[in-house]
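What's in target-v4.txt: compact mmCIF, N, CA and C atoms and all ligand atoms
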```txt
# COMPACT_ATOMS: atom_id res chain seq x y z
N MET A 1 101.45 106.64 94.13
CA MET A 1 100.15 105.92 94.23
C MET A 1 100.01 105.00 93.02
N SER A 2 100.00 103.68 93.25
CA SER A 2 99.96 102.78 92.10
C SER A 2 98.60 102.10 91.93
N CYS A 3 97.73 102.28 92.88
CA CYS A 3 96.43 101.59 92.83
C CYS A 3 95.54 102.21 91.75
N ILE A 4 95.05 101.37 90.86
CA ILE A 4 94.27 101.88 89.73
C ILE A 4 92.97 102.56 90.21
N PHE A 5 92.33 102.02 91.25
CA PHE A 5 91.09 102.64 91.70
C PHE A 5 91.35 103.92 92.48
N CYS A 6 92.50 104.03 93.15
CA CYS A 6 92.88 105.32 93.74
C CYS A 6 93.04 106.37 92.64
N LYS A 7 93.65 105.94 91.53
CA LYS A 7 93.84 106.88 90.41
C LYS A 7 92.51 107.28 89.79
N ILE A 8 91.61 106.33 89.69
CA ILE A 8 90.27 106.64 89.16
C ILE A 8 89.56 107.60 90.11
N ALA A 9 89.65 107.33 91.42
CA ALA A 9 88.99 108.19 92.40
C ALA A 9 89.56 109.61 92.35
N ALA A 10 90.86 109.71 92.08
CA ALA A 10 91.52 111.02 92.02
C ALA A 10 91.32 111.70 90.67
N GLY A 11 90.70 111.01 89.72
CA GLY A 11 90.47 111.58 88.40
C GLY A 11 91.70 111.51 87.50
N GLU A 12 92.71 110.73 87.91
CA GLU A 12 93.94 110.62 87.11
C GLU A 12 93.78 109.62 85.97
N ILE A 13 92.84 108.70 86.13
CA ILE A 13 92.48 107.77 85.05
C ILE A 13 91.01 108.01 84.78
N PRO A 14 90.62 108.16 83.50
CA PRO A 14 89.22 108.43 83.21
C PRO A 14 88.31 107.25 83.54
N SER A 15 87.09 107.57 83.91
CA SER A 15 86.09 106.53 84.16
C SER A 15 84.72 107.12 83.88
N ALA A 16 83.76 106.23 83.70
CA ALA A 16 82.38 106.68 83.53
C ALA A 16 81.74 106.73 84.91
N ARG A 17 81.76 107.88 85.50
CA ARG A 17 81.31 108.06 86.89
C ARG A 17 79.80 108.31 86.90
N VAL A 18 79.09 107.55 87.68
CA VAL A 18 77.64 107.76 87.76
C VAL A 18 77.22 108.35 89.10
N PHE A 19 78.12 108.34 90.07
CA PHE A 19 77.77 108.81 91.42
C PHE A 19 79.05 109.26 92.12
N GLU A 20 78.90 110.30 92.93
CA GLU A 20 80.02 110.73 93.78
C GLU A 20 79.47 111.46 94.98
N ASN A 21 80.02 111.14 96.14
CA ASN A 21 79.81 112.00 97.31
C ASN A 21 81.16 112.18 97.99
N ALA A 22 81.18 112.64 99.21
CA ALA A 22 82.47 112.97 99.85
C ALA A 22 83.36 111.74 100.00
N GLU A 23 82.75 110.59 100.20
CA GLU A 23 83.55 109.40 100.53
C GLU A 23 83.59 108.33 99.46
N PHE A 24 82.60 108.30 98.57
CA PHE A 24 82.47 107.19 97.63
C PHE A 24 82.28 107.67 96.19
N ILE A 25 82.67 106.80 95.26
CA ILE A 25 82.29 107.01 93.86
C ILE A 25 81.68 105.71 93.33
N ALA A 26 80.90 105.85 92.28
CA ALA A 26 80.42 104.68 91.53
C ALA A 26 80.74 104.93 90.06
N ILE A 27 81.31 103.89 89.42
CA ILE A 27 81.69 103.99 88.01
C ILE A 27 81.13 102.79 87.25
N ARG A 28 81.10 102.90 85.94
CA ARG A 28 80.72 101.74 85.13
C ARG A 28 81.92 100.81 84.97
N ASP A 29 81.68 99.50 85.16
CA ASP A 29 82.76 98.53 84.97
C ASP A 29 83.17 98.51 83.50
N ILE A 30 84.46 98.46 83.28
CA ILE A 30 84.99 98.52 81.92
C ILE A 30 84.69 97.24 81.13
N GLN A 31 84.44 96.15 81.85
CA GLN A 31 84.09 94.87 81.20
C GLN A 31 82.79 94.36 81.79
N PRO A 32 81.68 94.98 81.40
CA PRO A 32 80.40 94.67 82.06
C PRO A 32 79.99 93.21 81.95
N GLN A 33 79.55 92.65 83.05
CA GLN A 33 79.08 91.25 83.11
C GLN A 33 77.55 91.19 83.14
N ALA A 34 76.90 92.31 82.99
CA ALA A 34 75.44 92.39 82.91
C ALA A 34 75.13 93.68 82.15
N LYS A 35 73.86 93.85 81.80
CA LYS A 35 73.48 95.05 81.04
C LYS A 35 73.92 96.32 81.78
N VAL A 36 73.73 96.31 83.09
CA VAL A 36 74.27 97.39 83.92
C VAL A 36 75.24 96.77 84.92
N HIS A 37 76.46 97.26 84.94
CA HIS A 37 77.48 96.74 85.86
C HIS A 37 78.26 97.93 86.40
N LEU A 38 78.02 98.21 87.67
CA LEU A 38 78.64 99.37 88.32
C LEU A 38 79.57 98.90 89.42
N LEU A 39 80.56 99.72 89.72
CA LEU A 39 81.46 99.47 90.84
C LEU A 39 81.33 100.63 91.81
N VAL A 40 81.10 100.32 93.07
CA VAL A 40 81.03 101.35 94.10
C VAL A 40 82.24 101.18 95.00
N MET A 41 82.95 102.25 95.28
CA MET A 41 84.19 102.14 96.06
C MET A 41 84.43 103.37 96.91
N PRO A 42 85.15 103.18 98.02
CA PRO A 42 85.55 104.36 98.79
C PRO A 42 86.65 105.10 98.04
N LYS A 43 86.69 106.41 98.20
CA LYS A 43 87.78 107.19 97.59
C LYS A 43 89.10 106.86 98.29
N ALA A 44 89.04 106.64 99.58
CA ALA A 44 90.25 106.33 100.35
C ALA A 44 90.62 104.87 100.12
N HIS A 45 91.91 104.59 100.09
CA HIS A 45 92.36 103.24 99.81
C HIS A 45 92.14 102.31 101.00
N VAL A 46 91.35 101.28 100.78
CA VAL A 46 91.14 100.17 101.72
C VAL A 46 91.23 98.93 100.84
N GLU A 47 91.99 97.94 101.25
CA GLU A 47 92.24 96.82 100.32
C GLU A 47 91.03 95.93 100.06
N CYS A 48 90.39 95.50 101.12
CA CYS A 48 89.28 94.58 100.93
C CYS A 48 88.31 94.67 102.11
N LEU A 49 87.25 93.89 102.01
CA LEU A 49 86.19 93.89 103.01
C LEU A 49 86.70 93.60 104.42
N ASP A 50 87.84 92.90 104.51
CA ASP A 50 88.36 92.41 105.78
C ASP A 50 89.63 93.15 106.22
N SER A 51 89.97 94.24 105.54
CA SER A 51 91.20 94.97 105.88
C SER A 51 90.99 95.85 107.09
N SER A 52 92.11 96.26 107.69
CA SER A 52 91.97 97.26 108.75
C SER A 52 91.46 98.54 108.10
N GLY A 53 90.52 99.17 108.75
CA GLY A 53 89.90 100.36 108.18
C GLY A 53 88.62 100.05 107.43
N ALA A 54 88.40 98.78 107.11
CA ALA A 54 87.20 98.43 106.34
C ALA A 54 85.92 98.54 107.19
N ALA A 55 86.04 98.22 108.46
CA ALA A 55 84.84 98.22 109.31
C ALA A 55 84.15 99.58 109.32
N GLU A 56 84.95 100.63 109.16
CA GLU A 56 84.36 101.99 109.18
C GLU A 56 83.63 102.30 107.88
N VAL A 57 83.96 101.60 106.81
CA VAL A 57 83.34 101.95 105.52
C VAL A 57 82.35 100.90 105.01
N ASN A 58 82.43 99.66 105.51
CA ASN A 58 81.64 98.58 104.91
C ASN A 58 80.14 98.87 104.90
N SER A 59 79.61 99.30 106.03
CA SER A 59 78.15 99.49 106.06
C SER A 59 77.75 100.69 105.21
N LYS A 60 78.58 101.72 105.22
CA LYS A 60 78.28 102.90 104.38
C LYS A 60 78.39 102.53 102.90
N LEU A 61 79.35 101.66 102.59
CA LEU A 61 79.52 101.22 101.20
C LEU A 61 78.25 100.51 100.71
N LEU A 62 77.72 99.64 101.56
CA LEU A 62 76.51 98.90 101.19
C LEU A 62 75.32 99.85 101.04
N ASN A 63 75.19 100.78 101.97
CA ASN A 63 74.10 101.75 101.87
C ASN A 63 74.25 102.63 100.63
N THR A 64 75.48 102.96 100.29
CA THR A 64 75.72 103.76 99.09
C THR A 64 75.33 102.98 97.85
N ALA A 65 75.60 101.67 97.86
CA ALA A 65 75.22 100.83 96.72
C ALA A 65 73.71 100.86 96.51
N VAL A 66 72.96 100.81 97.59
CA VAL A 66 71.49 100.87 97.46
C VAL A 66 71.08 102.22 96.88
N GLU A 67 71.72 103.27 97.35
CA GLU A 67 71.43 104.61 96.84
C GLU A 67 71.72 104.68 95.33
N VAL A 68 72.86 104.12 94.93
CA VAL A 68 73.24 104.14 93.52
C VAL A 68 72.26 103.29 92.70
N ALA A 69 71.88 102.13 93.22
CA ALA A 69 70.93 101.26 92.51
C ALA A 69 69.60 101.98 92.30
N ARG A 70 69.16 102.70 93.31
CA ARG A 70 67.91 103.48 93.15
C ARG A 70 68.09 104.56 92.10
N GLN A 71 69.20 105.29 92.21
CA GLN A 71 69.47 106.38 91.27
C GLN A 71 69.49 105.88 89.83
N GLU A 72 70.02 104.70 89.63
CA GLU A 72 70.16 104.14 88.27
C GLU A 72 68.93 103.33 87.86
N ASP A 73 67.86 103.41 88.65
CA ASP A 73 66.59 102.74 88.33
C ASP A 73 66.71 101.22 88.29
N LEU A 74 67.56 100.69 89.13
CA LEU A 74 67.72 99.23 89.19
C LEU A 74 66.92 98.62 90.34
N ALA A 75 66.54 99.43 91.29
CA ALA A 75 66.04 98.89 92.55
C ALA A 75 64.69 98.20 92.43
N ALA A 76 63.79 98.78 91.66
CA ALA A 76 62.44 98.23 91.62
C ALA A 76 62.42 96.82 91.04
N ASP A 77 63.12 96.60 89.95
CA ASP A 77 63.16 95.26 89.33
C ASP A 77 64.11 94.33 90.05
N GLY A 78 65.14 94.89 90.65
CA GLY A 78 66.09 94.08 91.40
C GLY A 78 67.49 94.13 90.82
N PHE A 79 68.42 93.82 91.67
CA PHE A 79 69.82 93.87 91.27
C PHE A 79 70.61 92.94 92.17
N ARG A 80 71.88 92.76 91.84
CA ARG A 80 72.75 91.88 92.62
C ARG A 80 73.98 92.66 93.07
N VAL A 81 74.41 92.37 94.29
CA VAL A 81 75.62 92.98 94.84
C VAL A 81 76.64 91.88 95.08
N VAL A 82 77.86 92.10 94.63
CA VAL A 82 78.94 91.12 94.81
C VAL A 82 80.17 91.85 95.34
N VAL A 83 80.82 91.27 96.32
CA VAL A 83 82.10 91.81 96.79
C VAL A 83 83.13 90.67 96.79
N ASN A 84 83.90 90.57 95.75
CA ASN A 84 84.96 89.56 95.69
C ASN A 84 86.04 89.94 96.70
N THR A 85 86.48 88.96 97.48
CA THR A 85 87.41 89.28 98.57
C THR A 85 88.63 88.37 98.54
N ARG A 86 89.78 89.00 98.36
CA ARG A 86 91.09 88.35 98.30
C ARG A 86 91.13 87.28 97.19
N GLU A 87 92.20 86.51 97.19
CA GLU A 87 92.50 85.66 96.04
C GLU A 87 91.41 84.62 95.74
N TRP A 88 91.05 83.86 96.74
CA TRP A 88 90.07 82.80 96.51
C TRP A 88 88.68 83.36 96.22
N GLY A 89 88.46 84.57 96.63
CA GLY A 89 87.18 85.22 96.32
C GLY A 89 87.17 85.85 94.94
N GLY A 90 88.31 85.79 94.25
CA GLY A 90 88.35 86.30 92.88
C GLY A 90 88.60 87.79 92.77
N GLN A 91 89.11 88.41 93.84
CA GLN A 91 89.38 89.86 93.79
C GLN A 91 90.61 90.11 92.93
N THR A 92 90.46 90.95 91.92
CA THR A 92 91.59 91.24 91.03
C THR A 92 92.14 92.65 91.23
N VAL A 93 91.37 93.53 91.80
CA VAL A 93 91.85 94.88 92.11
C VAL A 93 91.79 95.05 93.63
N ALA A 94 92.97 95.28 94.23
CA ALA A 94 93.06 95.30 95.70
C ALA A 94 92.72 96.68 96.27
N HIS A 95 91.58 97.17 95.89
CA HIS A 95 90.98 98.39 96.46
C HIS A 95 89.51 98.05 96.61
N LEU A 96 89.04 98.02 97.84
CA LEU A 96 87.67 97.60 98.15
C LEU A 96 86.66 98.18 97.16
N HIS A 97 85.85 97.31 96.59
CA HIS A 97 84.79 97.76 95.68
C HIS A 97 83.67 96.74 95.67
N LEU A 98 82.52 97.24 95.42
CA LEU A 98 81.31 96.42 95.42
C LEU A 98 80.73 96.47 94.00
N HIS A 99 80.40 95.31 93.47
CA HIS A 99 79.80 95.25 92.14
C HIS A 99 78.28 95.36 92.27
N ILE A 100 77.66 96.16 91.44
CA ILE A 100 76.20 96.16 91.30
C ILE A 100 75.90 95.66 89.89
N LEU A 101 75.13 94.58 89.82
CA LEU A 101 74.76 94.02 88.52
C LEU A 101 73.25 94.09 88.38
N GLY A 102 72.79 94.50 87.22
CA GLY A 102 71.35 94.59 87.04
C GLY A 102 71.00 95.05 85.64
N GLY A 103 69.79 95.57 85.53
CA GLY A 103 69.32 96.05 84.23
C GLY A 103 68.74 94.96 83.35
N GLU A 104 68.73 93.73 83.86
CA GLU A 104 68.17 92.59 83.13
C GLU A 104 67.93 91.47 84.14
N GLN A 105 67.22 90.42 83.70
CA GLN A 105 67.06 89.23 84.54
C GLN A 105 68.39 88.53 84.64
N LEU A 106 68.96 88.45 85.84
CA LEU A 106 70.25 87.78 86.01
C LEU A 106 70.04 86.28 86.10
N ARG A 107 70.93 85.53 85.44
CA ARG A 107 70.90 84.06 85.48
C ARG A 107 71.95 83.60 86.47
N GLY A 108 71.86 82.35 86.86
CA GLY A 108 72.84 81.82 87.81
C GLY A 108 72.56 82.38 89.19
N ARG A 109 73.35 81.93 90.13
CA ARG A 109 73.14 82.35 91.51
C ARG A 109 74.39 82.98 92.10
N PHE A 110 75.37 82.15 92.38
CA PHE A 110 76.52 82.67 93.12
C PHE A 110 77.83 82.61 92.35
N ALA A 111 77.97 81.77 91.40
CA ALA A 111 79.27 81.63 90.74
C ALA A 111 79.08 81.57 89.23
P1 LIG B 1 87.26 92.27 91.06
O1 LIG B 1 87.64 91.17 90.14
O2 LIG B 1 86.11 91.98 91.96
O3 LIG B 1 88.47 92.81 91.80
O4 LIG B 1 86.72 93.43 90.13
C1 LIG B 1 87.54 94.32 89.45
C2 LIG B 1 86.69 94.91 88.37
O5 LIG B 1 87.29 96.12 87.96
C3 LIG B 1 86.56 94.04 87.12
O6 LIG B 1 85.18 93.75 86.90
C4 LIG B 1 87.15 94.90 86.01
O7 LIG B 1 86.44 94.78 84.80
C5 LIG B 1 87.02 96.30 86.59
N1 LIG B 1 87.98 97.27 86.11
C6 LIG B 1 89.31 97.13 86.00
N2 LIG B 1 89.86 98.25 85.54
C7 LIG B 1 88.86 99.14 85.34
C8 LIG B 1 88.79 100.48 84.88
N3 LIG B 1 89.87 101.16 84.50
N4 LIG B 1 87.57 101.08 84.80
C9 LIG B 1 86.46 100.39 85.18
N5 LIG B 1 86.47 99.14 85.65
C10 LIG B 1 87.64 98.51 85.72
ZN ZN B 2 93.45 102.24 96.05
```

What does this structure look like when you write it as structure tokens?
Ligand code: AMP
Ligand code: ZN
Amino acid sequence: MSCIFCKIAAGEIPSARVFENAEFIAIRDIQPQAKVHLLVMPKAHVECLDSSGAAEVNSKLLNTAVEVARQEDLAADGFRVVVNTREWGGQTVAHLHLHILGGEQLRGRFA
């Protein structure tokens, strides 16, 4: 298994885990782009939003992100969700993950 997020999900690489259930984990991004920057991902390896197998997890992933945002007290003030997809979308880790950014007033819009 060479995927870094598979290793994180398996506990083989340490991470700051803020949430876990049977299917998903949420960790703190190692290079935060906002005061709070979390990554939510399935434990099972799925490459991206458009991969085979993604359709079964995409909606649950999004709902889990909302749950995590509430748990981390981001929901009331607001937060941003980003899913970089494949090369042109800026995806650097090929294991489906959703970014939650918040904890402050975010500037900019999409890029
Ligand atoms: P993306 O560019 O959308 O694929 O996002 C990958 C994210 O994973 C980046 O924001 C990285 O900072 C983050 N990242 C990479 N390695 C780790 C790690 N070991 N622990 C936490 N976050 C990581
Ligand atoms: Zn993986």

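One finds atom CA of Glu23 of chain A at 10.2 Å from atom C of Ala9 of chain A.
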
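If only N, CA and C atoms and all ligand atoms are the atoms counted, then among A:Ala44, A:Leu101, A:Ala65, A:Val83 the closest residue to ligand ZN 2 (chain B) is A:Ala44.
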
Compile a residue-level contact table for chain A against ligand LIG 1 (chain B) at a cut-off of 5 Å, reporting for every qualifying residue the shortest atom pair and its distance in Å to one decimal, with only N, CA and C atoms and all ligand atoms counted, rows ordered by chain and ascending number, as CSV.
```
residue,atom,partner,partner_atom,distance
A:Arg28,C,B:LIG1,C9,4.6
A:Asp29,CA,B:LIG1,N5,3.8
A:Ile30,N,B:LIG1,N5,3.2
A:Gln31,N,B:LIG1,O7,3.8
A:Asn84,CA,B:LIG1,O2,4.6
A:Gly90,C,B:LIG1,O1,4.4
A:Gln91,C,B:LIG1,O3,3.6
A:Thr92,N,B:LIG1,O3,2.7
A:Val93,N,B:LIG1,O3,3.0
```

At a cut-off of 8 Å, can you tabulate as JSON lines every residue of chain A near ligand ZN 2 (chain B) together with its closest atom pair and the distance in Å to one decimal, using only N, CA and C atoms and all ligand atoms and ordering rows by chain then number?
```
{"residue": "A:Met1", "atom": "C", "partner": "B:ZN2", "partner_atom": "ZN", "distance": 7.7}
{"residue": "A:Ser2", "atom": "C", "partner": "B:ZN2", "partner_atom": "ZN", "distance": 6.6}
{"residue": "A:Cys3", "atom": "CA", "partner": "B:ZN2", "partner_atom": "ZN", "distance": 4.4}
{"residue": "A:Ile4", "atom": "N", "partner": "B:ZN2", "partner_atom": "ZN", "distance": 5.5}
{"residue": "A:Phe5", "atom": "C", "partner": "B:ZN2", "partner_atom": "ZN", "distance": 4.5}
{"residue": "A:Cys6", "atom": "N", "partner": "B:ZN2", "partner_atom": "ZN", "distance": 3.5}
{"residue": "A:Lys7", "atom": "N", "partner": "B:ZN2", "partner_atom": "ZN", "distance": 5.8}
{"residue": "A:Ile8", "atom": "N", "partner": "B:ZN2", "partner_atom": "ZN", "distance": 7.8}
{"residue": "A:Ala9", "atom": "N", "partner": "B:ZN2", "partner_atom": "ZN", "distance": 7.9}
{"residue": "A:Pro42", "atom": "C", "partner": "B:ZN2", "partner_atom": "ZN", "distance": 7.6}
{"residue": "A:Lys43", "atom": "C", "partner": "B:ZN2", "partner_atom": "ZN", "distance": 6.7}
{"residue": "A:Ala44", "atom": "C", "partner": "B:ZN2", "partner_atom": "ZN", "distance": 5.6}
{"residue": "A:His45", "atom": "CA", "partner": "B:ZN2", "partner_atom": "ZN", "distance": 4.0}
{"residue": "A:Val46", "atom": "N", "partner": "B:ZN2", "partner_atom": "ZN", "distance": 5.3}
{"residue": "A:Glu47", "atom": "N", "partner": "B:ZN2", "partner_atom": "ZN", "distance": 6.9}
{"residue": "A:Val93", "atom": "C", "partner": "B:ZN2", "partner_atom": "ZN", "distance": 7.8}
{"residue": "A:Ala94", "atom": "C", "partner": "B:ZN2", "partner_atom": "ZN", "distance": 5.6}
{"residue": "A:His95", "atom": "CA", "partner": "B:ZN2", "partner_atom": "ZN", "distance": 4.6}
{"residue": "A:Leu96", "atom": "N", "partner": "B:ZN2", "partner_atom": "ZN", "distance": 6.4}
```

Q: Could you find all residues in segment 28-82 of chain A that DSSP calls strand (DSSP E or B) from the backbone, and write them as a PyMOL selection string?
A: chain A and resi 28+36-42+79-82

Can you spit out the residues from that selection as an mmCIF file, keeping the file's coordinate frame, using N, CA and C atoms?
```cif
data_model
loop_
_atom_site.group_PDB
_atom_site.id
_atom_site.type_symbol
_atom_site.label_atom_id
_atom_site.label_comp_id
_atom_site.auth_asym_id
_atom_site.auth_seq_id
_atom_site.Cartn_x
_atom_site.Cartn_y
_atom_site.Cartn_z
ATOM 1 N N ARG A 28 81.100 102.900 85.940
ATOM 2 C CA ARG A 28 80.720 101.740 85.130
ATOM 3 C C ARG A 28 81.920 100.810 84.970
ATOM 4 N N VAL A 36 73.730 96.310 83.090
ATOM 5 C CA VAL A 36 74.270 97.390 83.920
ATOM 6 C C VAL A 36 75.240 96.770 84.920
ATOM 7 N N HIS A 37 76.460 97.260 84.940
ATOM 8 C CA HIS A 37 77.480 96.740 85.860
ATOM 9 C C HIS A 37 78.260 97.930 86.400
ATOM 10 N N LEU A 38 78.020 98.210 87.670
ATOM 11 C CA LEU A 38 78.640 99.370 88.320
ATOM 12 C C LEU A 38 79.570 98.900 89.420
ATOM 13 N N LEU A 39 80.560 99.720 89.720
ATOM 14 C CA LEU A 39 81.460 99.470 90.840
ATOM 15 C C LEU A 39 81.330 100.630 91.810
ATOM 16 N N VAL A 40 81.100 100.320 93.070
ATOM 17 C CA VAL A 40 81.030 101.350 94.100
ATOM 18 C C VAL A 40 82.240 101.180 95.000
ATOM 19 N N MET A 41 82.950 102.250 95.280
ATOM 20 C CA MET A 41 84.190 102.140 96.060
ATOM 21 C C MET A 41 84.430 103.370 96.910
ATOM 22 N N PRO A 42 85.150 103.180 98.020
ATOM 23 C CA PRO A 42 85.550 104.360 98.790
ATOM 24 C C PRO A 42 86.650 105.100 98.040
ATOM 25 N N PHE A 79 68.420 93.820 91.670
ATOM 26 C CA PHE A 79 69.820 93.870 91.270
ATOM 27 C C PHE A 79 70.610 92.940 92.170
ATOM 28 N N ARG A 80 71.880 92.760 91.840
ATOM 29 C CA ARG A 80 72.750 91.880 92.620
ATOM 30 C C ARG A 80 73.980 92.660 93.070
ATOM 31 N N VAL A 81 74.410 92.370 94.290
ATOM 32 C CA VAL A 81 75.620 92.980 94.840
ATOM 33 C C VAL A 81 76.640 91.880 95.080
ATOM 34 N N VAL A 82 77.860 92.100 94.630
ATOM 35 C CA VAL A 82 78.940 91.120 94.810
ATOM 36 C C VAL A 82 80.170 91.850 95.340
#
```

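Comparing the minimum interatomic distances between His97 of chain A and each of A:Val82, A:Asp77, A:Phe24, A:Ala34, counting all atoms listed in the file, we find that A:Val82 sits nearest.
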
For the alpha helix (DSSP H) assignment from backbone DSSP, which residues of chain A qualify? Please present them as a CSV table (one decimal) with N, CA and C atoms, in the frame of the given file.
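Writing the result to result12.csv gives the following:
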```csv
chain,number,residue,atom,x,y,z
A,4,ILE,N,95.0,101.4,90.9
A,4,ILE,CA,94.3,101.9,89.7
A,4,ILE,C,93.0,102.6,90.2
A,5,PHE,N,92.3,102.0,91.2
A,5,PHE,CA,91.1,102.6,91.7
A,5,PHE,C,91.4,103.9,92.5
A,6,CYS,N,92.5,104.0,93.2
A,6,CYS,CA,92.9,105.3,93.7
A,6,CYS,C,93.0,106.4,92.6
A,7,LYS,N,93.6,105.9,91.5
A,7,LYS,CA,93.8,106.9,90.4
A,7,LYS,C,92.5,107.3,89.8
A,8,ILE,N,91.6,106.3,89.7
A,8,ILE,CA,90.3,106.6,89.2
A,8,ILE,C,89.6,107.6,90.1
A,9,ALA,N,89.6,107.3,91.4
A,9,ALA,CA,89.0,108.2,92.4
A,9,ALA,C,89.6,109.6,92.4
A,55,ALA,N,86.0,98.2,108.5
A,55,ALA,CA,84.8,98.2,109.3
A,55,ALA,C,84.2,99.6,109.3
A,56,GLU,N,85.0,100.6,109.2
A,56,GLU,CA,84.4,102.0,109.2
A,56,GLU,C,83.6,102.3,107.9
A,57,VAL,N,84.0,101.6,106.8
A,57,VAL,CA,83.3,102.0,105.5
A,57,VAL,C,82.4,100.9,105.0
A,58,ASN,N,82.4,99.7,105.5
A,58,ASN,CA,81.6,98.6,104.9
A,58,ASN,C,80.1,98.9,104.9
A,59,SER,N,79.6,99.3,106.0
A,59,SER,CA,78.2,99.5,106.1
A,59,SER,C,77.8,100.7,105.2
A,60,LYS,N,78.6,101.7,105.2
A,60,LYS,CA,78.3,102.9,104.4
A,60,LYS,C,78.4,102.5,102.9
A,61,LEU,N,79.4,101.7,102.6
A,61,LEU,CA,79.5,101.2,101.2
A,61,LEU,C,78.2,100.5,100.7
A,62,LEU,N,77.7,99.6,101.6
A,62,LEU,CA,76.5,98.9,101.2
A,62,LEU,C,75.3,99.8,101.0
A,63,ASN,N,75.2,100.8,102.0
A,63,ASN,CA,74.1,101.8,101.9
A,63,ASN,C,74.2,102.6,100.6
A,64,THR,N,75.5,103.0,100.3
A,64,THR,CA,75.7,103.8,99.1
A,64,THR,C,75.3,103.0,97.8
A,65,ALA,N,75.6,101.7,97.9
A,65,ALA,CA,75.2,100.8,96.7
A,65,ALA,C,73.7,100.9,96.5
A,66,VAL,N,73.0,100.8,97.6
A,66,VAL,CA,71.5,100.9,97.5
A,66,VAL,C,71.1,102.2,96.9
A,67,GLU,N,71.7,103.3,97.4
A,67,GLU,CA,71.4,104.6,96.8
A,67,GLU,C,71.7,104.7,95.3
A,68,VAL,N,72.9,104.1,94.9
A,68,VAL,CA,73.2,104.1,93.5
A,68,VAL,C,72.3,103.3,92.7
A,69,ALA,N,71.9,102.1,93.2
A,69,ALA,CA,70.9,101.3,92.5
A,69,ALA,C,69.6,102.0,92.3
A,70,ARG,N,69.2,102.7,93.3
A,70,ARG,CA,67.9,103.5,93.2
A,70,ARG,C,68.1,104.6,92.1
A,71,GLN,N,69.2,105.3,92.2
A,71,GLN,CA,69.5,106.4,91.3
A,71,GLN,C,69.5,105.9,89.8
```

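Using only N, CA and C atoms, the smallest distance between any of A:Ala10, A:Leu98, A:Ala22, A:Cys48 and Val81 of chain A comes from A:Leu98.
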
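Of the listed residues A:Asp50, A:Glu56, A:Glu104, A:Glu12, the one whose atoms come nearest to Thr85 of chain A is A:Asp50, with distances taken using only C-alpha atoms.
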
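Across A:Asn58, A:Ile13, A:Ala75, A:Val40, the tightest approach to His99 of chain A is made by A:Val40 when counting all atoms listed in the file.
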
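Take the candidates A:Ala55, A:Ile100, A:Ile25, A:Leu106 and check each one against Arg80 of chain A using only N, CA and C atoms; the shortest distance goes to A:Ile100.
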